[in-house]
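Data block below; observations after.
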Amino acid sequence: MNKIKSIFEPLRTINPRTMLLLIVAEAAVALIAWQLSGGGLIPTPDKVVGAIGRIFTMPDFIDNLFASLTLTVKGMVISILIALVISYLSIVPFFQPITRFIVKCRYLTLTGLIFLFTLLTQNGHQLKISLLIFGIVPFFVTSLLSVIDGINKQEYELCTTLRMNSWKTLWEVIIIGRLDQVFEVMRQNFAIAWLMITSVEGLSMSEGGLGVMLIKANKYVQLDVVFGLLVIIFILGMAFDYILGLFRHWLFPYTKLQTR
Amino acid sequence: MNAYTKSHVLLSAENIHLQYGEKVILRDINFQIRNVHREGVHQGQVVALIGRSGLGKTQLFKVLSGLVPPTLGTVRIGSDQHPVKAGQVGIVPQNYILFQHRTVYQNLRIGLDHSGVELNDAEKKRIIEDYAATFELIDHLKKYPAQLSGGQRQRVSIIQQVLTGNRFILLDEPFSGLDILMIDKVIELLLKVSTLHEDNTLIVVSHDIENAAAVSDTVWLMGTEEGKAGAIIRKEYDLCEMGLAWKPDIRTDPKFVGLIDEIRKGL
């Protein structure tokens with residue numbers, strides 16, 4: 001009884017086993033509710049599972065999956081490089097207005113810029129990459145700037161007392177010292193890239209991708225396939241999140257440590 | 001035991017005044033720290049800066065280290081009494097800031113790398129290990145700061161500054177939040193650092209009167225004057241002259257107890 005009470009208590013820490021049980025139970029309830037309420041337009045879980053099986057046997061699924069993954073990874077790598085340069089430059093007063101503008105670009109809608117990007121790029125691939133980068137970079141920069149803003153002033157003072165010049169301070173405190181947090185920002189923003197990928201893939205369908213598969217399934221009202229694809233995209237996203245989390249702890253072991 | 005002489009000035013403050021906008025923080029701060037010689041002992045200097053919370057002790061601390069330029073006045077250091085520059089005075093903040101992404105060894109190595117002394121890797125390793133052994137950190141060199149206790153972090157922080165070659169080290173509230181056993185260890189540590197080199201000068205900023213005075217040879221009492229804005233050094237106690245310096249069992253000395261009482265009333 002106390003255990004049940006504890007899961008409804010604010011700020012209560014529960015053990016990992018109980019948390020796992022809670023996740024499994026809530027997922028089961030959600031699936032049952034879905035199964036019972038579905039059947040009309042929305043396909044039920046058993047139909048979605050059946051559709052996932054069919055998707056895996058589709059001849060172009062693997063190609064489409066790799067097209068999406070390649071585009072996402074390429075877009076992410078370029079975006080993180082651009083965002084890092086912009087963020088590191090933000091500590092130089094001259095570049096601050098530019099950085100502030102880029103941060104505000106989060107409020108620009110991509111739809112209005114598609115025509116401009118179509119004119120500026122040479123092919124569909126470039127168009128998709130450009131839109132992906134343009135969509136991700138402002139979010140990356142915003143997160144990275146908050147990492148830089150959150151640095152304790154005493155760390156800079158420590159560098160001064162250790163006679164480090166401003167370049168060494170930049171290297172030690174902002175670049176090397178926050179690499180683990182850059183990785184975390186990348187992990188969190190990977191979700192945005194993954195979310196955007198299916199949208200930008202629809203702009204140029206010749207290269208394929210999961211987004212193209214979704215558009216085609218929507219066009220022919222194959223809602224079980226649409227849901228199946230969404231589940232695959234969702235599971236892949238979670239898998240990447242988990243893998244990147246593991247990588248972070250492996251590359252930066254000190255991130256797991258708690259200050260006593 | 002207390003035979004000593006005081007020679008040239010090592011650190012001085014002349015008419016320090018610090019003001020932010022209309023708010024006066026520090027006013028007319030003047031003092032000198034002279035080199036203390038004790039026969040047969042490498043004796044550095046330990047000065048306690050005592051005052052109530054919120055007076056501006058930390059601001060004075062930053063002015064002395066060159067991190068914050070005073071509105072008026074000059075802080076001078078060294079035998080040649082040149083104006084202080086940031087990087088010439090070490091700081092050990094209350095929360096013992098270290099590079100969290102570096103191991104203890106790497107944190108200490110950074111200090112040594114910026115000491116201005118040409119040393120090869122093997123020599124640096126030997127020096128770091130020597131200090132680590134002296135300050136009971138040898139088993140922790142491969143650990144990250146987050147794996148250390150508060151006392152261990154404090155030691156790393158102090159040694160890091162010592163390895164940089166800074167003869168002047170400012171310590172902000174080194175006894176804060178420690179139990180009595182840990183305080184004794186910190187006092188032991190400070191005495192050890194002060195006796196590493198004749199010129200080593202520690203300035204301990206604290207509101208813990210008894211412990212700060214027990215480890216010091218000079219006590220500055222910081223306070224304000226009625227009707228005047230800004231903190232000043234209201235009184236200086238020369239504990240060497242009073243025969244109260246460098247005594248391990250000083251706390252039981254009635255004269256010391258009386259002094260603590262006097263300082264407490266003067267706050």
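Scheme for the structure tokens: letters A, B, ... for chains in order shown; per-chain residue numbers from 1; ligand numbers from 1 in order shown.
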Using 12 Å as the limit and counting only C-alpha atoms, can you tabulate each residue of chain A that touches chain B, with its shortest atom-to-atom distance in Å and the two atoms involved, as a tab-separated table?
```
residue	atom	partner	partner_atom	distance
A:Ile151	CA	B:Ile97	CA	11.6
A:Asn152	CA	B:Ile97	CA	9.1
A:Lys153	CA	B:Ile97	CA	10.2
A:Gln154	CA	B:Ile97	CA	6.9
A:Glu155	CA	B:Ile97	CA	6.6
A:Tyr156	CA	B:Ile97	CA	10.0
A:Glu157	CA	B:Leu67	CA	7.4
A:Leu158	CA	B:Ile97	CA	7.2
A:Cys159	CA	B:Gly87	CA	8.3
A:Thr160	CA	B:Gly87	CA	5.3
A:Thr161	CA	B:Gly87	CA	4.0
A:Leu162	CA	B:Gly87	CA	5.9
A:Arg163	CA	B:Gly87	CA	4.7
A:Met164	CA	B:His114	CA	7.2
A:Asn165	CA	B:Gly87	CA	9.8
A:Lys168	CA	B:His114	CA	10.9
A:Thr169	CA	B:Phe99	CA	11.3
A:Glu172	CA	B:Phe99	CA	8.3
A:Val173	CA	B:Phe99	CA	7.8
A:Ile174	CA	B:Phe99	CA	11.1
A:Ile175	CA	B:His101	CA	11.2
A:Ile176	CA	B:His101	CA	7.9
A:Gly177	CA	B:His101	CA	5.9
A:Arg178	CA	B:His101	CA	8.3
A:Leu179	CA	B:His101	CA	9.1
A:Asp180	CA	B:His101	CA	8.8
A:Gln181	CA	B:His101	CA	11.1
A:Leu251	CA	B:His101	CA	11.1
A:Phe252	CA	B:His101	CA	7.8
A:Pro253	CA	B:His101	CA	8.8
A:Tyr254	CA	B:His101	CA	6.4
A:Thr255	CA	B:His101	CA	8.3
A:Lys256	CA	B:Ala146	CA	9.4
A:Leu257	CA	B:Ala146	CA	5.9
A:Gln258	CA	B:Ala146	CA	5.8
A:Thr259	CA	B:Ala146	CA	4.3
A:Arg260	CA	B:Ser149	CA	6.1
```
What lies within 10 Å of stretch 252-265 of chain B using only C-alpha atoms, ignoring chain neighbours under 2 positions off, as a CSV table (one decimal) with N, CA and C atoms, in the first residue's frame?
```
chain,number,residue,atom,x,y,z
B,50,ILE,N,39.5,39.4,9.2
B,50,ILE,CA,38.2,39.0,9.9
B,50,ILE,C,37.2,40.1,9.8
B,51,GLY,N,36.0,39.8,9.5
B,51,GLY,CA,34.9,40.8,9.5
B,51,GLY,C,33.6,40.1,9.3
B,52,ARG,N,32.5,40.8,9.5
B,52,ARG,CA,31.2,40.2,9.4
B,52,ARG,C,30.8,39.9,8.0
B,207,HIS,N,35.2,34.6,8.7
B,207,HIS,CA,34.4,35.2,9.9
B,207,HIS,C,34.5,34.3,11.1
B,208,ASP,N,35.4,33.2,10.9
B,208,ASP,CA,35.6,32.3,12.1
B,208,ASP,C,36.9,32.9,12.8
B,209,ILE,N,36.6,33.7,13.8
B,209,ILE,CA,37.7,34.4,14.5
B,209,ILE,C,38.7,33.5,15.1
B,210,GLU,N,38.2,32.6,15.9
B,210,GLU,CA,39.2,31.8,16.7
B,210,GLU,C,40.1,31.0,15.8
B,211,ASN,N,39.6,30.3,14.8
B,211,ASN,CA,40.5,29.5,13.9
B,211,ASN,C,41.4,30.3,13.0
B,213,ALA,N,42.5,33.3,13.7
B,213,ALA,CA,43.5,33.9,14.5
B,213,ALA,C,44.6,32.9,15.0
B,214,ALA,N,44.1,31.6,15.2
B,214,ALA,CA,45.0,30.6,15.7
B,214,ALA,C,46.1,30.2,14.7
B,219,VAL,N,46.4,39.8,12.5
B,219,VAL,CA,44.9,39.8,12.3
B,219,VAL,C,44.5,41.2,11.9
B,220,TRP,N,43.7,41.3,10.8
B,220,TRP,CA,43.1,42.5,10.4
B,220,TRP,C,41.7,42.4,10.7
B,221,LEU,N,41.2,43.4,11.4
B,221,LEU,CA,39.8,43.4,11.8
B,221,LEU,C,39.1,44.4,10.8
B,235,LYS,N,41.3,47.7,12.8
B,235,LYS,CA,42.4,47.4,13.7
B,235,LYS,C,43.3,46.3,13.2
B,237,TYR,N,46.1,43.5,14.6
B,237,TYR,CA,46.7,42.8,15.8
B,237,TYR,C,48.0,42.1,15.3
B,239,LEU,N,50.2,39.5,16.1
B,239,LEU,CA,50.2,38.3,17.0
B,239,LEU,C,51.7,37.9,17.4
B,242,MET,N,52.6,40.1,20.1
B,242,MET,CA,51.8,39.8,21.3
B,242,MET,C,52.2,38.4,21.9
B,243,GLY,N,53.1,37.7,21.2
B,243,GLY,CA,53.5,36.4,21.6
B,243,GLY,C,52.5,35.3,21.4
B,244,LEU,N,51.6,35.6,20.5
B,244,LEU,CA,50.5,34.6,20.2
B,244,LEU,C,50.6,33.9,18.9
B,245,ALA,N,51.7,34.1,18.2
B,245,ALA,CA,51.8,33.4,16.9
B,245,ALA,C,52.6,32.1,17.0
B,247,LYS,N,52.0,29.0,17.9
B,247,LYS,CA,51.9,28.2,19.1
B,247,LYS,C,50.8,27.1,18.8
B,248,PRO,N,51.1,25.9,18.8
B,248,PRO,CA,50.1,24.8,18.5
B,248,PRO,C,48.9,24.8,19.5
B,249,ASP,N,49.2,25.1,20.7
B,249,ASP,CA,48.2,25.0,21.8
B,249,ASP,C,47.6,26.4,22.1
B,250,ILE,N,47.6,27.3,21.2
B,250,ILE,CA,47.3,28.7,21.4
B,250,ILE,C,45.9,28.9,22.0
B,267,LEU,N,33.7,43.5,16.4
B,267,LEU,CA,33.1,43.3,15.1
B,267,LEU,C,31.9,44.2,14.9
```
Identify all residues of stretch 108-150 of chain B in alpha helix (DSSP H) (DSSP on the backbone) and supply them as a list of chain:residue names.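 Residues meeting the alpha helix (DSSP H) criterion: B:Leu108, B:Arg109, B:Ile110, B:Gly111, B:Leu112, B:Asp113, B:Asp121, B:Ala122, B:Glu123, B:Lys124, B:Lys125, B:Arg126, B:Ile127, B:Ile128, B:Glu129, B:Asp130, B:Tyr131, B:Ala132, B:Ala133, B:Thr134, B:Gly150.
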Next, write the just-selected residues to a file, as a short mmCIF file (atom, residue, chain, number, x, y, z; two decimals), in the first residue's frame, keeping C-alpha atoms as the atom set.
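In the end it all went to again-v2.cif:
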```
data_model
loop_
_atom_site.label_atom_id
_atom_site.label_comp_id
_atom_site.auth_asym_id
_atom_site.auth_seq_id
_atom_site.Cartn_x
_atom_site.Cartn_y
_atom_site.Cartn_z
CA LEU B 108 48.05 20.14 -10.57
CA ARG B 109 49.95 19.83 -13.82
CA ILE B 110 48.14 22.89 -15.20
CA GLY B 111 49.43 24.85 -12.20
CA LEU B 112 52.97 23.68 -12.84
CA ASP B 113 52.71 24.24 -16.61
CA ASP B 121 57.56 15.75 -18.04
CA ALA B 122 59.50 13.51 -15.64
CA GLU B 123 60.47 16.46 -13.46
CA LYS B 124 56.91 17.74 -13.40
CA LYS B 125 55.63 14.28 -12.46
CA ARG B 126 58.16 14.02 -9.63
CA ILE B 127 57.25 17.46 -8.24
CA ILE B 128 53.51 16.76 -8.39
CA GLU B 129 53.97 13.39 -6.71
CA ASP B 130 56.15 14.96 -4.00
CA TYR B 131 53.46 17.54 -3.20
CA ALA B 132 50.72 14.94 -3.43
CA ALA B 133 52.59 12.76 -0.93
CA THR B 134 53.17 15.69 1.44
CA GLY B 150 35.66 18.86 0.34
#
```
Considering only C-alpha atoms, tabulate each residue of stretch 118-222 of chain A that lies at most 10 Å from stretch 55-76 of chain A along with its nearest interatomic pair and the corresponding distance in Å to one decimal; arrange the rows by chain and ascending residue number and present them as JSON lines.
```
{"residue": "A:His125", "atom": "CA", "partner": "A:Leu71", "partner_atom": "CA", "distance": 8.5}
{"residue": "A:Lys128", "atom": "CA", "partner": "A:Leu71", "partner_atom": "CA", "distance": 8.2}
{"residue": "A:Ile129", "atom": "CA", "partner": "A:Gly75", "partner_atom": "CA", "distance": 5.7}
{"residue": "A:Ser130", "atom": "CA", "partner": "A:Gly75", "partner_atom": "CA", "distance": 8.0}
{"residue": "A:Leu131", "atom": "CA", "partner": "A:Gly75", "partner_atom": "CA", "distance": 9.1}
{"residue": "A:Leu132", "atom": "CA", "partner": "A:Gly75", "partner_atom": "CA", "distance": 6.1}
{"residue": "A:Ile133", "atom": "CA", "partner": "A:Gly75", "partner_atom": "CA", "distance": 5.8}
{"residue": "A:Phe134", "atom": "CA", "partner": "A:Gly75", "partner_atom": "CA", "distance": 9.5}
{"residue": "A:Gly135", "atom": "CA", "partner": "A:Gly75", "partner_atom": "CA", "distance": 9.9}
{"residue": "A:Ile136", "atom": "CA", "partner": "A:Met76", "partner_atom": "CA", "distance": 7.8}
{"residue": "A:Val137", "atom": "CA", "partner": "A:Met76", "partner_atom": "CA", "distance": 8.9}
{"residue": "A:Phe140", "atom": "CA", "partner": "A:Met76", "partner_atom": "CA", "distance": 9.8}
{"residue": "A:Met186", "atom": "CA", "partner": "A:Met76", "partner_atom": "CA", "distance": 8.0}
{"residue": "A:Asn189", "atom": "CA", "partner": "A:Met76", "partner_atom": "CA", "distance": 8.7}
{"residue": "A:Phe190", "atom": "CA", "partner": "A:Met76", "partner_atom": "CA", "distance": 7.2}
{"residue": "A:Ile192", "atom": "CA", "partner": "A:Met76", "partner_atom": "CA", "distance": 9.8}
{"residue": "A:Ala193", "atom": "CA", "partner": "A:Thr72", "partner_atom": "CA", "distance": 6.3}
{"residue": "A:Trp194", "atom": "CA", "partner": "A:Thr72", "partner_atom": "CA", "distance": 6.6}
{"residue": "A:Leu195", "atom": "CA", "partner": "A:Thr72", "partner_atom": "CA", "distance": 9.7}
{"residue": "A:Met196", "atom": "CA", "partner": "A:Thr72", "partner_atom": "CA", "distance": 8.9}
{"residue": "A:Ile197", "atom": "CA", "partner": "A:Thr72", "partner_atom": "CA", "distance": 6.5}
{"residue": "A:Thr198", "atom": "CA", "partner": "A:Ser68", "partner_atom": "CA", "distance": 7.8}
{"residue": "A:Val200", "atom": "CA", "partner": "A:Leu71", "partner_atom": "CA", "distance": 10.0}
{"residue": "A:Glu201", "atom": "CA", "partner": "A:Ser68", "partner_atom": "CA", "distance": 7.9}
{"residue": "A:Glu207", "atom": "CA", "partner": "A:Ala67", "partner_atom": "CA", "distance": 7.0}
{"residue": "A:Gly208", "atom": "CA", "partner": "A:Asn64", "partner_atom": "CA", "distance": 5.3}
{"residue": "A:Gly209", "atom": "CA", "partner": "A:Asn64", "partner_atom": "CA", "distance": 3.9}
{"residue": "A:Leu210", "atom": "CA", "partner": "A:Asn64", "partner_atom": "CA", "distance": 5.5}
{"residue": "A:Gly211", "atom": "CA", "partner": "A:Ser68", "partner_atom": "CA", "distance": 7.7}
{"residue": "A:Val212", "atom": "CA", "partner": "A:Asn64", "partner_atom": "CA", "distance": 8.0}
{"residue": "A:Met213", "atom": "CA", "partner": "A:Asn64", "partner_atom": "CA", "distance": 7.6}
```
Go ahead and write the selection's residues with N, CA and C atoms as a PDB file, in the first residue's frame.
```pdb
ATOM      1  N   HIS A 125      19.145  17.408 -52.933  1.00  0.00           N
ATOM      2  CA  HIS A 125      19.938  17.022 -51.760  1.00  0.00           C
ATOM      3  C   HIS A 125      20.432  18.257 -51.013  1.00  0.00           C
ATOM      4  N   LYS A 128      17.616  19.972 -49.177  1.00  0.00           N
ATOM      5  CA  LYS A 128      17.229  19.307 -47.929  1.00  0.00           C
ATOM      6  C   LYS A 128      18.262  19.576 -46.826  1.00  0.00           C
ATOM      7  N   ILE A 129      19.543  19.435 -47.189  1.00  0.00           N
ATOM      8  CA  ILE A 129      20.618  19.674 -46.202  1.00  0.00           C
ATOM      9  C   ILE A 129      20.553  21.122 -45.706  1.00  0.00           C
ATOM     10  N   SER A 130      20.371  22.061 -46.645  1.00  0.00           N
ATOM     11  CA  SER A 130      20.348  23.488 -46.264  1.00  0.00           C
ATOM     12  C   SER A 130      19.203  23.774 -45.311  1.00  0.00           C
ATOM     13  N   LEU A 131      18.038  23.232 -45.640  1.00  0.00           N
ATOM     14  CA  LEU A 131      16.876  23.479 -44.772  1.00  0.00           C
ATOM     15  C   LEU A 131      17.061  22.840 -43.395  1.00  0.00           C
ATOM     16  N   LEU A 132      17.643  21.645 -43.417  1.00  0.00           N
ATOM     17  CA  LEU A 132      17.900  20.947 -42.146  1.00  0.00           C
ATOM     18  C   LEU A 132      18.866  21.775 -41.276  1.00  0.00           C
ATOM     19  N   ILE A 133      19.930  22.233 -41.902  1.00  0.00           N
ATOM     20  CA  ILE A 133      20.925  23.033 -41.171  1.00  0.00           C
ATOM     21  C   ILE A 133      20.285  24.323 -40.663  1.00  0.00           C
ATOM     22  N   PHE A 134      19.552  24.979 -41.541  1.00  0.00           N
ATOM     23  CA  PHE A 134      18.921  26.235 -41.158  1.00  0.00           C
ATOM     24  C   PHE A 134      17.918  26.019 -40.017  1.00  0.00           C
ATOM     25  N   GLY A 135      17.303  24.872 -40.032  1.00  0.00           N
ATOM     26  CA  GLY A 135      16.333  24.573 -38.976  1.00  0.00           C
ATOM     27  C   GLY A 135      16.993  24.206 -37.655  1.00  0.00           C
ATOM     28  N   ILE A 136      18.142  23.521 -37.726  1.00  0.00           N
ATOM     29  CA  ILE A 136      18.769  23.016 -36.490  1.00  0.00           C
ATOM     30  C   ILE A 136      19.674  24.060 -35.827  1.00  0.00           C
ATOM     31  N   VAL A 137      20.470  24.763 -36.657  1.00  0.00           N
ATOM     32  CA  VAL A 137      21.517  25.642 -36.106  1.00  0.00           C
ATOM     33  C   VAL A 137      21.001  26.623 -35.042  1.00  0.00           C
ATOM     34  N   PHE A 140      20.622  24.713 -31.844  1.00  0.00           N
ATOM     35  CA  PHE A 140      21.945  24.326 -31.343  1.00  0.00           C
ATOM     36  C   PHE A 140      22.618  25.514 -30.672  1.00  0.00           C
ATOM     37  N   MET A 186      24.053  18.082 -28.407  1.00  0.00           N
ATOM     38  CA  MET A 186      23.922  17.367 -29.676  1.00  0.00           C
ATOM     39  C   MET A 186      22.888  16.238 -29.536  1.00  0.00           C
ATOM     40  N   ASN A 189      19.420  17.758 -29.319  1.00  0.00           N
ATOM     41  CA  ASN A 189      18.975  18.367 -30.567  1.00  0.00           C
ATOM     42  C   ASN A 189      18.888  17.373 -31.713  1.00  0.00           C
ATOM     43  N   PHE A 190      19.423  16.173 -31.489  1.00  0.00           N
ATOM     44  CA  PHE A 190      19.279  15.136 -32.496  1.00  0.00           C
ATOM     45  C   PHE A 190      17.785  14.872 -32.725  1.00  0.00           C
ATOM     46  N   ILE A 192      15.448  17.039 -32.681  1.00  0.00           N
ATOM     47  CA  ILE A 192      14.895  18.061 -33.588  1.00  0.00           C
ATOM     48  C   ILE A 192      15.218  17.681 -35.040  1.00  0.00           C
ATOM     49  N   ALA A 193      16.467  17.247 -35.252  1.00  0.00           N
ATOM     50  CA  ALA A 193      16.885  16.855 -36.607  1.00  0.00           C
ATOM     51  C   ALA A 193      16.044  15.681 -37.096  1.00  0.00           C
ATOM     52  N   TRP A 194      15.855  14.717 -36.217  1.00  0.00           N
ATOM     53  CA  TRP A 194      15.089  13.507 -36.557  1.00  0.00           C
ATOM     54  C   TRP A 194      13.630  13.863 -36.845  1.00  0.00           C
ATOM     55  N   LEU A 195      13.146  14.869 -36.095  1.00  0.00           N
ATOM     56  CA  LEU A 195      11.770  15.338 -36.274  1.00  0.00           C
ATOM     57  C   LEU A 195      11.610  16.045 -37.627  1.00  0.00           C
ATOM     58  N   MET A 196      12.669  16.804 -37.983  1.00  0.00           N
ATOM     59  CA  MET A 196      12.587  17.604 -39.211  1.00  0.00           C
ATOM     60  C   MET A 196      12.816  16.784 -40.475  1.00  0.00           C
ATOM     61  N   ILE A 197      13.530  15.671 -40.302  1.00  0.00           N
ATOM     62  CA  ILE A 197      13.994  14.936 -41.483  1.00  0.00           C
ATOM     63  C   ILE A 197      12.837  14.516 -42.385  1.00  0.00           C
ATOM     64  N   THR A 198      11.767  14.039 -41.767  1.00  0.00           N
ATOM     65  CA  THR A 198      10.654  13.545 -42.582  1.00  0.00           C
ATOM     66  C   THR A 198       9.978  14.703 -43.337  1.00  0.00           C
ATOM     67  N   VAL A 200      11.565  17.598 -44.415  1.00  0.00           N
ATOM     68  CA  VAL A 200      12.390  18.094 -45.524  1.00  0.00           C
ATOM     69  C   VAL A 200      12.507  17.056 -46.648  1.00  0.00           C
ATOM     70  N   GLU A 201      12.381  15.770 -46.294  1.00  0.00           N
ATOM     71  CA  GLU A 201      12.485  14.735 -47.325  1.00  0.00           C
ATOM     72  C   GLU A 201      11.339  14.853 -48.336  1.00  0.00           C
ATOM     73  N   GLU A 207      15.501  11.140 -53.732  1.00  0.00           N
ATOM     74  CA  GLU A 207      16.491  10.386 -52.950  1.00  0.00           C
ATOM     75  C   GLU A 207      15.847   9.388 -51.984  1.00  0.00           C
ATOM     76  N   GLY A 208      14.545   9.441 -51.879  1.00  0.00           N
ATOM     77  CA  GLY A 208      13.837   8.546 -50.962  1.00  0.00           C
ATOM     78  C   GLY A 208      13.996   8.973 -49.523  1.00  0.00           C
ATOM     79  N   GLY A 209      13.717   8.036 -48.602  1.00  0.00           N
ATOM     80  CA  GLY A 209      13.802   8.343 -47.180  1.00  0.00           C
ATOM     81  C   GLY A 209      12.513   7.959 -46.484  1.00  0.00           C
ATOM     82  N   LEU A 210      12.555   7.892 -45.150  1.00  0.00           N
ATOM     83  CA  LEU A 210      11.365   7.516 -44.396  1.00  0.00           C
ATOM     84  C   LEU A 210      10.248   8.536 -44.593  1.00  0.00           C
ATOM     85  N   GLY A 211      10.643   9.816 -44.768  1.00  0.00           N
ATOM     86  CA  GLY A 211       9.661  10.876 -45.015  1.00  0.00           C
ATOM     87  C   GLY A 211       8.897  10.632 -46.305  1.00  0.00           C
ATOM     88  N   VAL A 212       9.607  10.162 -47.318  1.00  0.00           N
ATOM     89  CA  VAL A 212       8.976   9.869 -48.622  1.00  0.00           C
ATOM     90  C   VAL A 212       7.995   8.702 -48.455  1.00  0.00           C
ATOM     91  N   MET A 213       8.437   7.689 -47.694  1.00  0.00           N
ATOM     92  CA  MET A 213       7.551   6.541 -47.438  1.00  0.00           C
ATOM     93  C   MET A 213       6.277   6.992 -46.728  1.00  0.00           C
TER      94      MET A 213
END
```
Residues at most 12 Å from B:Leu189, counting only C-alpha atoms, excluding those fewer than 5 positions away in the same chain, as a list in words?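 So the residues in contact are Tyr131, Thr134, Phe135, Glu136, Gly151, Gln152, Gln154, Arg155, Val156, Ser157, Ile158, Ile159, Pro174, Phe175, Met182, Ile183, Asp184, Ser194, Thr195, Leu196, Leu202 and Val215 of chain B.
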Which one is closest to B:Lys23: B:Gln94, B:Asn35, B:Thr71, B:Thr5? Count only C-alpha atoms.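 For B:Lys23, the nearest of the candidates is B:Thr71.
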Rank B:Leu60, B:Ile33, B:Val104, B:Ile232 by their smallest atom-to-atom distance to B:Val46, using only C-alpha atoms, and report the top residue only.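 Under the stated criterion, the closest residue is B:Ile33.
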List the spatial neighbours of stretch 214-225 of chain A as a PyMOL selection string - criterion: any atom at most 9 Å away, only C-alpha atoms, same-chain residues fewer than 4 positions off excluded. chain A and resi 41-45+47-52+54-55+198+202+209-210+229-230
Output N, CA and C atoms of each residue in that selection to a file, as a compact mmCIF listing (two decimals), in the first residue's frame.
```txt
# COMPACT_ATOMS: atom_id res chain seq x y z
N LEU A 41 -10.81 5.01 -38.01
CA LEU A 41 -9.75 5.56 -38.85
C LEU A 41 -8.37 5.18 -38.31
N ILE A 42 -8.29 5.18 -36.97
CA ILE A 42 -6.97 4.91 -36.36
C ILE A 42 -6.77 3.40 -36.27
N PRO A 43 -5.69 2.90 -36.87
CA PRO A 43 -5.45 1.45 -36.81
C PRO A 43 -5.09 1.01 -35.39
N THR A 44 -5.52 -0.17 -35.03
CA THR A 44 -5.23 -0.70 -33.70
C THR A 44 -3.78 -1.21 -33.64
N PRO A 45 -3.23 -1.39 -32.41
CA PRO A 45 -1.83 -1.82 -32.29
C PRO A 45 -1.51 -3.10 -33.06
N LYS A 47 -2.77 -4.13 -35.79
CA LYS A 47 -2.64 -3.81 -37.23
C LYS A 47 -1.32 -3.08 -37.50
N VAL A 48 -0.94 -2.21 -36.55
CA VAL A 48 0.32 -1.46 -36.70
C VAL A 48 1.50 -2.43 -36.67
N VAL A 49 1.44 -3.40 -35.73
CA VAL A 49 2.52 -4.39 -35.65
C VAL A 49 2.60 -5.17 -36.97
N GLY A 50 1.42 -5.52 -37.50
CA GLY A 50 1.38 -6.23 -38.79
C GLY A 50 1.99 -5.37 -39.89
N ALA A 51 1.67 -4.06 -39.86
CA ALA A 51 2.21 -3.15 -40.88
C ALA A 51 3.73 -3.03 -40.76
N ILE A 52 4.22 -3.00 -39.49
CA ILE A 52 5.69 -2.91 -39.29
C ILE A 52 6.36 -4.12 -39.95
N ARG A 54 5.27 -5.75 -42.47
CA ARG A 54 5.25 -5.57 -43.94
C ARG A 54 6.29 -4.54 -44.39
N ILE A 55 6.44 -3.49 -43.57
CA ILE A 55 7.41 -2.42 -43.93
C ILE A 55 8.81 -3.02 -44.04
N THR A 198 11.77 14.04 -41.77
CA THR A 198 10.65 13.54 -42.58
C THR A 198 9.98 14.70 -43.34
N GLY A 202 10.24 15.38 -47.87
CA GLY A 202 9.09 15.53 -48.76
C GLY A 202 9.31 16.58 -49.84
N GLY A 209 13.72 8.04 -48.60
CA GLY A 209 13.80 8.34 -47.18
C GLY A 209 12.51 7.96 -46.48
N LEU A 210 12.56 7.89 -45.15
CA LEU A 210 11.36 7.52 -44.40
C LEU A 210 10.25 8.54 -44.59
N LEU A 229 5.36 3.26 -39.65
CA LEU A 229 6.56 4.06 -39.90
C LEU A 229 6.85 4.99 -38.71
N LEU A 230 5.78 5.57 -38.16
CA LEU A 230 5.95 6.47 -37.00
C LEU A 230 6.57 5.71 -35.82
```
Rounded to one decimal place, report the atom CA of A:Arg187-atom CA of A:Phe95 distance in Å.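 Answer for the atom CA of A:Arg187 to atom CA of A:Phe95 separation: 26.1 Å.
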